[in-house]
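So this one's my_file-v7.pdb, PDB, C-alpha atoms:
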MODEL        1
ATOM      1  CA  MET A 140       0.000   0.000   0.000
ATOM      2  CA  ARG A 141       2.812   2.389   0.830
ATOM      3  CA  PHE A 142       4.442   1.679  -2.550
ATOM      4  CA  VAL A 143       1.197   2.409  -4.437
ATOM      5  CA  ARG A 144       0.690   5.684  -2.557
ATOM      6  CA  THR A 145       4.246   6.769  -3.288
ATOM      7  CA  ILE A 146       3.905   6.073  -7.020
ATOM      8  CA  ALA A 147       0.544   7.872  -7.160
ATOM      9  CA  GLY A 148       1.971  10.875  -5.294
ATOM     10  CA  MET A 149       4.960  11.135  -7.630
ATOM     11  CA  LEU A 150       2.684  10.960 -10.704
ATOM     12  CA  LEU A 151       0.488  13.730  -9.315
ATOM     13  CA  LEU A 152       3.561  15.873  -8.695
ATOM     14  CA  ALA A 153       4.836  15.175 -12.222
ATOM     15  CA  VAL A 154       1.574  16.542 -13.646
ATOM     16  CA  GLY A 155       0.766  19.227 -11.082
ATOM     17  CA  ILE A 156       4.085  21.097 -11.035
ATOM     18  CA  PRO A 157       4.251  21.629 -14.858
ATOM     19  CA  ALA A 158       0.584  22.702 -14.814
ATOM     20  CA  LEU A 159       1.407  25.296 -12.152
ATOM     21  CA  LEU A 160       4.384  26.592 -14.136
ATOM     22  CA  VAL A 161       2.446  26.854 -17.408
ATOM     23  CA  GLY A 162      -0.495  28.502 -15.644
ATOM     24  CA  ALA A 163       1.829  31.033 -14.012
ATOM     25  CA  GLY A 164       3.381  31.814 -17.403
ATOM     26  CA  LEU A 165      -0.033  32.307 -19.030
ATOM     27  CA  TRP A 166      -1.179  34.480 -16.128
ATOM     28  CA  LEU A 167       1.883  36.711 -16.421
ATOM     29  CA  THR A 168       1.341  36.969 -20.177
ATOM     30  CA  ALA A 169      -2.373  37.771 -19.764
ATOM     31  CA  ARG A 170      -1.464  40.777 -17.612
ATOM     32  CA  HIS A 171      -0.039  42.463 -20.741
ATOM     33  CA  ALA A 172      -3.293  42.134 -22.725
ATOM     34  CA  ASP A 173      -5.434  45.152 -23.568
ATOM     35  CA  PRO A 174      -8.901  45.604 -21.960
ATOM     36  CA  ALA A 175     -10.482  43.641 -24.814
ATOM     37  CA  GLY A 176      -8.166  40.678 -24.225
ATOM     38  CA  GLY A 177      -5.947  41.201 -27.260
ATOM     39  CA  PHE A 178      -2.177  41.362 -27.673
ATOM     40  CA  THR A 179      -0.768  43.946 -30.046
ATOM     41  CA  GLY A 180       2.771  44.013 -31.394
ATOM     42  CA  ARG A 181       4.413  46.531 -33.668
ATOM     43  CA  LEU A 182       6.824  45.180 -36.292
ATOM     44  CA  GLU A 183      10.044  46.868 -37.239
ATOM     45  CA  PRO A 184       9.914  48.930 -40.456
ATOM     46  CA  VAL A 185      10.410  46.857 -43.587
ATOM     47  CA  ARG A 186      12.289  48.578 -46.428
ATOM     48  CA  THR A 187      12.967  46.876 -49.742
ATOM     49  CA  PRO A 188      13.341  47.967 -53.380
ATOM     50  CA  ALA A 189      11.159  45.036 -54.433
ATOM     51  CA  ARG A 190       7.507  45.208 -55.459
ATOM     52  CA  ALA A 191       6.212  42.732 -52.837
ATOM     53  CA  VAL A 192       7.066  41.229 -49.474
ATOM     54  CA  VAL A 193       6.122  37.547 -49.195
ATOM     55  CA  VAL A 194       5.799  35.139 -46.266
ATOM     56  CA  THR A 195       6.237  31.840 -48.096
ATOM     57  CA  ASP A 196       4.380  29.579 -45.599
ATOM     58  CA  VAL A 197       2.320  31.425 -42.972
ATOM     59  CA  ASP A 198       1.364  28.292 -41.028
ATOM     60  CA  ALA A 199       4.989  27.166 -40.767
ATOM     61  CA  LEU A 200       6.029  30.636 -39.564
ATOM     62  CA  LEU A 201       3.344  30.638 -36.866
ATOM     63  CA  ARG A 202       4.227  27.068 -35.834
ATOM     64  CA  ALA A 203       7.852  28.088 -35.311
ATOM     65  CA  ASP A 204       7.462  31.561 -33.765
ATOM     66  CA  LEU A 205       3.913  31.787 -32.339
ATOM     67  CA  PRO A 206       2.288  28.340 -31.904
ATOM     68  CA  ALA A 207      -0.424  29.717 -29.584
ATOM     69  CA  ALA A 208      -1.934  31.560 -32.568
ATOM     70  CA  ARG A 209      -2.835  28.241 -34.245
ATOM     71  CA  THR A 210      -5.135  27.020 -31.443
ATOM     72  CA  GLY A 211      -8.877  27.298 -30.869
ATOM     73  CA  GLN A 212     -10.706  30.510 -31.631
ATOM     74  CA  VAL A 213      -7.613  32.714 -31.876
ATOM     75  CA  ARG A 214      -7.910  35.502 -34.425
ATOM     76  CA  LEU A 215      -4.923  37.206 -36.050
ATOM     77  CA  ARG A 216      -5.099  40.659 -37.599
ATOM     78  CA  LEU A 217      -2.300  42.282 -39.595
ATOM     79  CA  ALA A 218      -2.374  45.969 -40.543
ATOM     80  CA  ALA A 219       0.106  47.470 -43.029
ATOM     81  CA  TRP A 220       0.645  50.851 -44.646
ATOM     82  CA  ASP A 221       3.430  52.924 -46.202
ATOM     83  CA  ALA A 222       4.011  56.605 -46.907
ATOM     84  CA  ASP A 223       1.280  56.619 -49.578
ATOM     85  CA  GLY A 224      -1.362  54.989 -47.360
ATOM     86  CA  PRO A 225      -2.771  51.468 -46.823
ATOM     87  CA  VAL A 226      -1.319  48.612 -48.856
ATOM     88  CA  PHE A 227      -2.740  45.331 -50.162
ATOM     89  CA  LEU A 228      -2.542  42.137 -48.061
ATOM     90  CA  GLY A 229      -3.603  38.702 -49.318
ATOM     91  CA  LEU A 230      -3.404  34.980 -48.523
ATOM     92  CA  ALA A 231      -3.142  32.520 -51.421
ATOM     93  CA  PRO A 232      -1.816  28.999 -52.121
ATOM     94  CA  THR A 233       1.978  28.953 -52.110
ATOM     95  CA  ASP A 234       2.462  27.309 -55.497
ATOM     96  CA  GLN A 235       0.188  29.839 -57.240
ATOM     97  CA  VAL A 236       1.913  32.802 -55.565
ATOM     98  CA  ARG A 237       5.311  31.417 -56.546
ATOM     99  CA  GLU A 238       4.227  31.090 -60.171
ATOM    100  CA  TRP A 239       2.625  34.547 -60.201
ATOM    101  CA  LEU A 240       5.718  36.309 -58.755
ATOM    102  CA  ALA A 241       8.303  34.254 -60.674
ATOM    103  CA  ASP A 242       9.439  37.257 -62.768
ATOM    104  CA  VAL A 243       8.438  39.957 -60.260
ATOM    105  CA  PRO A 244      11.111  41.252 -57.843
ATOM    106  CA  HIS A 245      10.018  40.405 -54.295
ATOM    107  CA  SER A 246      11.589  39.915 -50.848
ATOM    108  CA  THR A 247      10.892  36.853 -48.697
ATOM    109  CA  VAL A 248      10.404  37.014 -44.930
ATOM    110  CA  ARG A 249      12.697  34.515 -43.311
ATOM    111  CA  ARG A 250      11.581  35.014 -39.712
ATOM    112  CA  VAL A 251       9.617  37.271 -37.366
ATOM    113  CA  ALA A 252      11.044  37.116 -33.841
ATOM    114  CA  VAL A 253       8.512  37.382 -31.010
ATOM    115  CA  THR A 254      10.212  39.590 -28.393
ATOM    116  CA  ARG A 255       9.471  42.635 -26.286
ATOM    117  CA  GLY A 256       9.346  45.899 -28.186
ATOM    118  CA  PRO A 257       9.173  46.131 -31.987
ATOM    119  CA  LEU A 258       9.236  42.665 -33.539
ATOM    120  CA  PRO A 259      12.298  42.142 -35.757
ATOM    121  CA  VAL A 260      11.573  41.047 -39.338
ATOM    122  CA  ARG A 261      14.331  39.169 -41.172
ATOM    123  CA  LEU A 262      14.229  39.509 -44.974
ATOM    124  CA  ASP A 263      16.082  37.687 -47.727
ATOM    125  CA  PRO A 264      17.473  39.861 -50.535
ATOM    126  CA  ALA A 265      15.041  40.812 -53.289
ATOM    127  CA  THR A 266      14.882  38.524 -56.299
ATOM    128  CA  ALA A 267      15.751  39.769 -59.776
ATOM    129  CA  GLY A 268      12.996  40.566 -62.249
ATOM    130  CA  VAL A 269      11.417  43.301 -64.309
ATOM    131  CA  ALA A 270       7.785  42.189 -64.503
ATOM    132  CA  THR A 271       4.914  44.073 -62.889
ATOM    133  CA  ALA A 272       2.043  42.436 -60.985
ATOM    134  CA  VAL A 273      -1.262  43.937 -59.873
ATOM    135  CA  PRO A 274      -2.949  41.930 -57.046
ATOM    136  CA  ALA A 275      -6.529  43.134 -57.471
ATOM    137  CA  GLY A 276      -7.369  41.028 -60.520
ATOM    138  CA  GLN A 277      -6.057  37.667 -59.290
ATOM    139  CA  PRO A 278      -8.652  34.928 -58.555
ATOM    140  CA  PHE A 279      -6.597  32.736 -56.206
ATOM    141  CA  TRP A 280      -6.802  34.817 -53.006
ATOM    142  CA  VAL A 281      -8.178  32.898 -50.019
ATOM    143  CA  ARG A 282      -8.267  36.030 -47.826
ATOM    144  CA  ARG A 283      -7.492  39.579 -48.900
ATOM    145  CA  GLY A 284      -7.842  43.157 -47.697
ATOM    146  CA  VAL A 285      -6.520  46.691 -48.092
ATOM    147  CA  GLY A 286      -4.906  48.202 -45.025
ATOM    148  CA  SER A 287      -5.613  45.165 -42.841
ATOM    149  CA  LEU A 288      -6.235  41.440 -43.059
ATOM    150  CA  GLU A 289      -7.904  39.310 -40.391
ATOM    151  CA  TRP A 290      -8.188  35.521 -40.308
ATOM    152  CA  ARG A 291      -8.370  32.575 -37.953
ATOM    153  CA  PRO A 292      -5.126  30.549 -38.256
ATOM    154  CA  ALA A 293      -6.767  27.368 -36.921
ATOM    155  CA  GLU A 294      -9.115  27.305 -39.921
ATOM    156  CA  LEU A 295      -6.191  27.455 -42.358
ATOM    157  CA  ALA A 296      -3.779  25.258 -40.391
ATOM    158  CA  ASP A 297      -1.829  22.573 -42.241
ATOM    159  CA  ARG A 298      -2.364  24.403 -45.542
ATOM    160  CA  SER A 299       0.523  25.895 -47.459
ATOM    161  CA  LEU A 300      -0.569  29.514 -47.859
ATOM    162  CA  SER A 301       1.604  32.538 -48.638
ATOM    163  CA  LEU A 302       1.038  36.055 -47.352
ATOM    164  CA  VAL A 303       1.681  38.824 -49.890
ATOM    165  CA  VAL A 304       2.080  42.503 -48.914
ATOM    166  CA  MET A 305       2.402  45.051 -51.755
ATOM    167  CA  ARG A 306       0.971  48.277 -53.107
ATOM    168  CA  ALA A 307      -2.356  48.014 -54.850
ATOM    169  CA  ASP A 308      -0.796  49.247 -58.123
ATOM    170  CA  GLY A 309       2.216  46.909 -57.788
ATOM    171  CA  ALA A 310       4.769  49.784 -57.667
ATOM    172  CA  ALA A 311       8.337  49.036 -56.586
ATOM    173  CA  GLY A 312      10.059  50.344 -53.478
ATOM    174  CA  LEU A 313       8.310  49.532 -50.195
ATOM    175  CA  ASP A 314       8.695  51.249 -46.835
ATOM    176  CA  LEU A 315       6.190  49.347 -44.745
ATOM    177  CA  ARG A 316       4.868  49.905 -41.231
ATOM    178  CA  MET A 317       3.015  46.912 -39.845
ATOM    179  CA  ARG A 318       1.185  46.012 -36.668
ATOM    180  CA  ALA A 319      -0.018  42.540 -35.635
ATOM    181  CA  GLU A 320      -2.862  41.866 -33.208
ATOM    182  CA  LEU A 321      -3.757  38.523 -31.635
ATOM    183  CA  ARG A 322      -7.029  37.898 -29.799
ATOM    184  CA  ALA A 323      -7.551  34.762 -27.710
ATOM    185  CA  GLY A 324     -10.615  34.702 -25.450
ATOM    186  CA  TRP A 325      -9.523  31.479 -23.760
ATOM    187  CA  PHE A 326      -6.255  32.924 -22.449
ATOM    188  CA  PRO A 327      -7.319  34.141 -18.949
ATOM    189  CA  GLY A 328      -9.579  31.135 -18.341
ATOM    190  CA  ALA A 329      -6.843  28.681 -19.296
ATOM    191  CA  ALA A 330      -4.381  30.420 -16.990
ATOM    192  CA  TRP A 331      -6.673  30.193 -13.953
ATOM    193  CA  ALA A 332      -7.705  26.607 -14.761
ATOM    194  CA  LEU A 333      -4.078  25.483 -14.938
ATOM    195  CA  LEU A 334      -3.211  27.288 -11.701
ATOM    196  CA  ALA A 335      -6.173  25.791  -9.818
ATOM    197  CA  GLY A 336      -5.723  22.298 -11.262
ATOM    198  CA  GLY A 337      -1.967  22.280 -10.647
ATOM    199  CA  ALA A 338      -2.404  23.449  -7.039
ATOM    200  CA  LEU A 339      -5.033  20.751  -6.398
ATOM    201  CA  LEU A 340      -2.803  18.010  -7.821
ATOM    202  CA  VAL A 341       0.170  19.145  -5.739
ATOM    203  CA  VAL A 342      -1.940  19.190  -2.534
ATOM    204  CA  LEU A 343      -3.236  15.670  -3.237
ATOM    205  CA  ALA A 344       0.324  14.480  -3.871
ATOM    206  CA  VAL A 345       1.519  15.927  -0.559
ATOM    207  CA  VAL A 346      -1.374  14.257   1.294
ATOM    208  CA  LEU A 347      -0.576  10.876  -0.275
ATOM    209  CA  LEU A 348       3.155  11.115   0.416
ATOM    210  CA  LEU A 349       3.028  12.483   3.982
ATOM    211  CA  ARG A 350      -0.111  10.931   5.468
ATOM    212  CA  PRO A 351       0.831   8.206   8.008
ATOM    213  CA  LEU A 352      -0.349   4.667   7.469
ATOM    214  CA  ARG A 353      -2.946   3.162   9.831
ATOM    215  CA  PRO A 354      -2.054  -0.170  11.502
ATOM    216  CA  ARG A 355      -3.706  -3.154   9.923
ATOM    217  CA  GLU A 356      -6.170  -5.271  11.870
ATOM    218  CA  VAL A 357      -6.274  -9.060  11.533
ATOM    219  CA  VAL A 358      -9.672 -10.742  11.720
ATOM    220  CA  PHE A 359      -9.947 -14.505  12.254
ATOM    221  CA  VAL A 360     -13.009 -16.255  10.863
ATOM    222  CA  VAL A 361     -13.140 -19.846  12.146
ATOM    223  CA  GLU A 362     -15.687 -22.543  12.713
ATOM    224  CA  PRO A 363     -16.920 -22.975  16.316
ATOM    225  CA  ASP A 364     -15.254 -26.393  16.666
ATOM    226  CA  GLN A 365     -11.891 -24.874  15.655
ATOM    227  CA  VAL A 366     -11.882 -22.281  18.464
ATOM    228  CA  PRO A 367     -10.189 -24.523  21.083
ATOM    229  CA  VAL A 368      -7.530 -25.629  18.571
ATOM    230  CA  LEU A 369      -6.724 -22.045  17.569
ATOM    231  CA  ALA A 370      -6.690 -20.919  21.199
ATOM    232  CA  GLY A 371      -4.297 -23.728  22.084
ATOM    233  CA  ARG A 372      -1.928 -22.814  19.240
ATOM    234  CA  LEU A 373      -1.931 -19.182  20.390
ATOM    235  CA  GLY A 374      -1.205 -20.260  23.971
ATOM    236  CA  ILE A 375      -4.315 -18.750  25.550
ATOM    237  CA  GLY A 376      -7.272 -20.174  27.396
ATOM    238  CA  SER A 377      -9.835 -18.806  24.971
ATOM    239  CA  LEU A 378      -9.988 -16.443  22.000
ATOM    240  CA  SER A 379     -11.759 -13.887  24.174
ATOM    241  CA  ALA A 380      -8.453 -13.357  26.029
ATOM    242  CA  LEU A 381      -6.752 -11.944  22.887
ATOM    243  CA  GLY A 382      -5.707  -8.351  23.324
ATOM    244  CA  ARG A 383      -6.182  -8.295  27.117
ATOM    245  CA  GLN A 384      -3.469  -6.951  29.352
ATOM    246  CA  PRO A 385      -2.671  -9.220  32.257
ATOM    247  CA  ASP A 386      -4.192  -8.004  35.531
ATOM    248  CA  ARG A 387      -1.443  -8.314  38.111
ATOM    249  CA  ALA A 388      -3.781  -7.511  40.977
ATOM    250  CA  SER A 389      -6.211 -10.317  40.109
ATOM    251  CA  GLY A 390      -3.806 -13.212  40.536
ATOM    252  CA  PRO A 391      -2.958 -14.513  44.059
ATOM    253  CA  ASP A 392       0.416 -13.330  45.235
ATOM    254  CA  ARG A 393       2.499 -15.885  47.095
ATOM    255  CA  GLN A 394       5.100 -15.163  49.725
ATOM    256  CA  LEU A 395       7.846 -17.358  51.138
ATOM    257  CA  VAL A 396       7.799 -17.434  54.942
ATOM    258  CA  ALA A 397       9.961 -19.099  57.575
ATOM    259  CA  VAL A 398       9.699 -22.772  58.319
ATOM    260  CA  GLY A 399       7.346 -23.485  61.213
ATOM    261  CA  SER A 400       8.377 -25.441  64.336
ATOM    262  CA  GLY A 401       5.070 -27.107  65.185
ATOM    263  CA  ALA A 402       4.323 -30.817  64.874
ATOM    264  CA  GLY A 403       3.462 -31.998  61.413
ATOM    265  CA  GLU A 404       5.124 -28.979  59.753
ATOM    266  CA  ARG A 405       8.735 -29.866  60.570
ATOM    267  CA  GLY A 406      11.083 -29.524  57.652
ATOM    268  CA  ARG A 407       8.487 -27.968  55.323
ATOM    269  CA  ALA A 408       8.266 -24.427  54.040
ATOM    270  CA  ALA A 409       4.911 -22.815  54.524
ATOM    271  CA  ILE A 410       3.597 -20.681  51.717
ATOM    272  CA  ALA A 411       0.975 -18.236  52.862
ATOM    273  CA  PRO A 412      -1.057 -15.851  50.837
ATOM    274  CA  ALA A 413       0.083 -12.260  50.923
ATOM    275  CA  PRO A 414      -1.900  -9.815  52.999
ATOM    276  CA  SER A 415      -4.769  -8.148  51.238
ATOM    277  CA  ARG A 416      -3.169  -4.744  51.801
ATOM    278  CA  ARG A 417       0.457  -4.104  50.902
ATOM    279  CA  PRO A 418       2.285  -2.984  54.105
ATOM    280  CA  ALA A 419       3.654   0.516  53.925
ATOM    281  CA  SER A 420       6.489  -0.165  56.401
ATOM    282  CA  LEU A 421       7.904  -2.931  58.639
ATOM    283  CA  ALA A 422       5.688  -1.696  61.463
ATOM    284  CA  ASP A 423       2.622  -2.729  59.499
ATOM    285  CA  LEU A 424       3.661  -6.444  59.262
ATOM    286  CA  PRO A 425       1.407  -8.879  61.161
ATOM    287  CA  ALA A 426       2.674  -9.697  64.649
ATOM    288  CA  GLY A 427       3.486 -13.201  65.872
ATOM    289  CA  ARG A 428       5.627 -14.225  62.908
ATOM    290  CA  ASP A 429       9.321 -14.274  62.381
ATOM    291  CA  TRP A 430       9.985 -12.085  59.289
ATOM    292  CA  SER A 431      13.771 -12.363  59.408
ATOM    293  CA  TRP A 432      15.660 -13.481  56.290
ATOM    294  CA  PRO A 433      17.006 -16.017  55.637
ATOM    295  CA  PRO A 434      14.629 -18.147  57.693
ATOM    296  CA  VAL A 435      16.213 -20.228  60.501
ATOM    297  CA  SER A 436      15.254 -23.905  60.730
ATOM    298  CA  ARG A 437      14.388 -25.017  64.282
ATOM    299  CA  ARG A 438      14.379 -28.522  65.614
ATOM    300  CA  ASP A 439      12.048 -29.842  68.284
ATOM    301  CA  ASP A 440      14.233 -31.020  71.177
ATOM    302  CA  GLY A 441      11.318 -32.926  72.719
TER
ENDMDL
END
If you convert what's in this file into C-alpha cells, what do you get?
Amino acid sequence: MRFVRTIAGMLLLAVGIPALLVGAGLWLTARHADPAGGFTGRLEPVRTPARAVVVTDVDALLRADLPAARTGQVRLRLAAWDADGPVFLGLAPTDQVREWLADVPHSTVRRVAVTRGPLPVRLDPATAGVATAVPAGQPFWVRRGVGSLEWRPAELADRSLSLVVMRADGAAGLDLRMRAELRAGWFPGAAWALLAGGALLVVLAVVLLLRPLRPREVVFVVEPDQVPVLAGRLGIGSLSALGRQPDRASGPDRQLVAVGSGAGERGRAAIAPAPSRRPASLADLPAGRDWSWPPVSRRDDG
C-alpha cells in the first residue's frame, strides 16, 4: 500500500508542477493584454526595393514563432501601410503565388522574432525581375484586404498559404509599417484553470506522500469447533483473552515465609497468601511471625 501511494503521489507531482508553471506563465502573459483581451505588437519597419514582401508559408512561420496563434478561436489581424497609405494584403496557395511572382522582384520574410518591443523582421534579398504584378485582378486569393487582413489561423492550419504585402498598383520600393494583433478569449480562463488544477494536484500528492499509514487489523473467521484448537496454538485459554493486558492484581500473590516449628510442619516451608493490603512499612507487618531473612530452621528437642 505504501508503494502504491508513493507512485501515485509522484505521478500527481509530475503533472501538477508543470501545470502550475504553465499557468503562471499564461497568467503573467495575460497581464499584458489590452482591456479587450488582445495582444498587439508593432513590427520593425520593412524597407525593400522590391515590389512585394512575401511570407512563403504562414502556417509554418506561426508554428515556429507563435504556436499559440494556431489554437482554438484565436484571431490574427495584420495591418500594413506605407508613406502613400494602406497597402494590399492577401493569402493565397503557395504554389500559385510562386508562379505569379516568378518574374516579379520580391523579398521573402525569413523570420519574425517574437520579443518585447518592436518585432524584428528578417528579410532575404530581393529577387531579380522586371515584370509588374497587380494583385486586385487575381482569382486565387483565399483572404485579402486593403490596409488590414484578419483571419483565424486554426481554420487554415496545415495548408501551405503565402502572405503577400504590396501596393495596390504593384509599384516598386516599399517602406512598410506593420502592426499585428492577436485575440484569444480562452487565455485568462486557461491560466486560472491550470493554476487551480496544478495546485489541487500538488496538494493531493503531498497528502498521499506524507499521510501516516494506519495499523492493519487481523480478523480470524473460524468454525466454532476450531476455536479450542486455535486458542491452544496461540497459547491462551480462549480467544476472548486476545488483546487483554494481564491483571497483576487479580492473581494470588504468594510469599515465602519461615519454616514453622510445630508438629506436622517440621522440615516444610509454609507458603501463605500475601496480605490483602500491601504494608507501607515494617511496622505494618502482622505480629506473631518471624519475618527475618534467611529463615532459621528449628528442631524440636522434645
*asked:* Under the PyMOL selection byres ((chain A and resi 288) around 12), which residues of this model are included? Write them out as a PyMOL selection string.
replied: chain A and resi 214-220+225-230+280-287+289-292+302-304+317-320
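Minimum atom-to-atom distance to Arg298 in chain A, evaluated using only C-alpha atoms, belongs to A:Pro232 out of A:Pro244, A:Gly336, A:Gly312, A:Pro232.
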*List the neighbours of Gly162 in chain A out to 6 Å using all atoms listed in the file; skip same-chain residues closer than 5 positions along the sequence, and give me the result as a ChimeraX atom specification.*
/A:330,333-334
Please produce a file of the residues just selected, as a short mmCIF file (atom, residue, chain, number, x, y, z; two decimals), in the frame of the given file, where the atoms kept are C-alpha atoms.
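Output below, filename again_9.cif:
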data_model
loop_
_atom_site.label_atom_id
_atom_site.label_comp_id
_atom_site.auth_asym_id
_atom_site.auth_seq_id
_atom_site.Cartn_x
_atom_site.Cartn_y
_atom_site.Cartn_z
CA ALA A 330 -4.38 30.42 -16.99
CA LEU A 333 -4.08 25.48 -14.94
CA LEU A 334 -3.21 27.29 -11.70
#
*Interatomic distance (Å, one decimal) between CA of Leu313 in chain A and CA of Leu262 in chain A*: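 For CA of Leu313 in chain A relative to CA of Leu262 in chain A, the distance reads 12.8 Å.
One distance worth recording is that between CA of Leu159 in chain A and CA of Ala335 in chain A, which is 7.9 Å.
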*asked:* Just the number, please: distance in Å from CA of Ser299 in chain A to CA of Asp198 in chain A, one decimal.
replied: 6.9 Å
Box in all listed atoms of range 220-223 of chain A, axis-aligned, with 6 Å more on each side; write out centre and edge lengths in Å to one decimal as JSON.
{"center_x": 2.3, "center_y": 53.7, "center_z": -47.1, "size_x": 15.4, "size_y": 17.8, "size_z": 16.9}
*Long-range neighbours of Leu150 in chain A as a PyMOL selection string, 12 Å cut-off, only C-alpha atoms, 2 positions minimum in chain*: chain A and resi 143-148+152-157+340-341+343-345+347-348
*Kindly indicate which residue among A:Ala231, A:Leu258, A:Ala311, A:Leu182 lies nearest to Val243 in chain A, using only C-alpha atoms for the distances.*
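Of A:Ala231, A:Leu258, A:Ala311, A:Leu182, the one nearest Val243 in chain A, counting only C-alpha atoms, is A:Ala311.
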_Surrounding residues of Val213 in chain A excluding itself and chain neighbours under 4 positions, 6 Å, all atoms listed in the file, as a PyMOL selection string_ = chain A and resi 208+322-323
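You can rank A:Gly211, A:Gly180, A:Gly371, A:Gly164 by their closest distance to Leu295 in chain A using all atoms listed in the file, and at the top of that list sits A:Gly211.
Using only C-alpha atoms, the shortest contact distance between Leu349 in chain A and any of A:Met149, A:Ala203, A:Leu300, A:Leu369 is found at A:Met149.
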_Hits of the PyMOL selection byres ((chain A and resi 307) around 8) in this structure, as a PyMOL selection string_ = chain A and resi 226-227+273-275+305-306+308-310
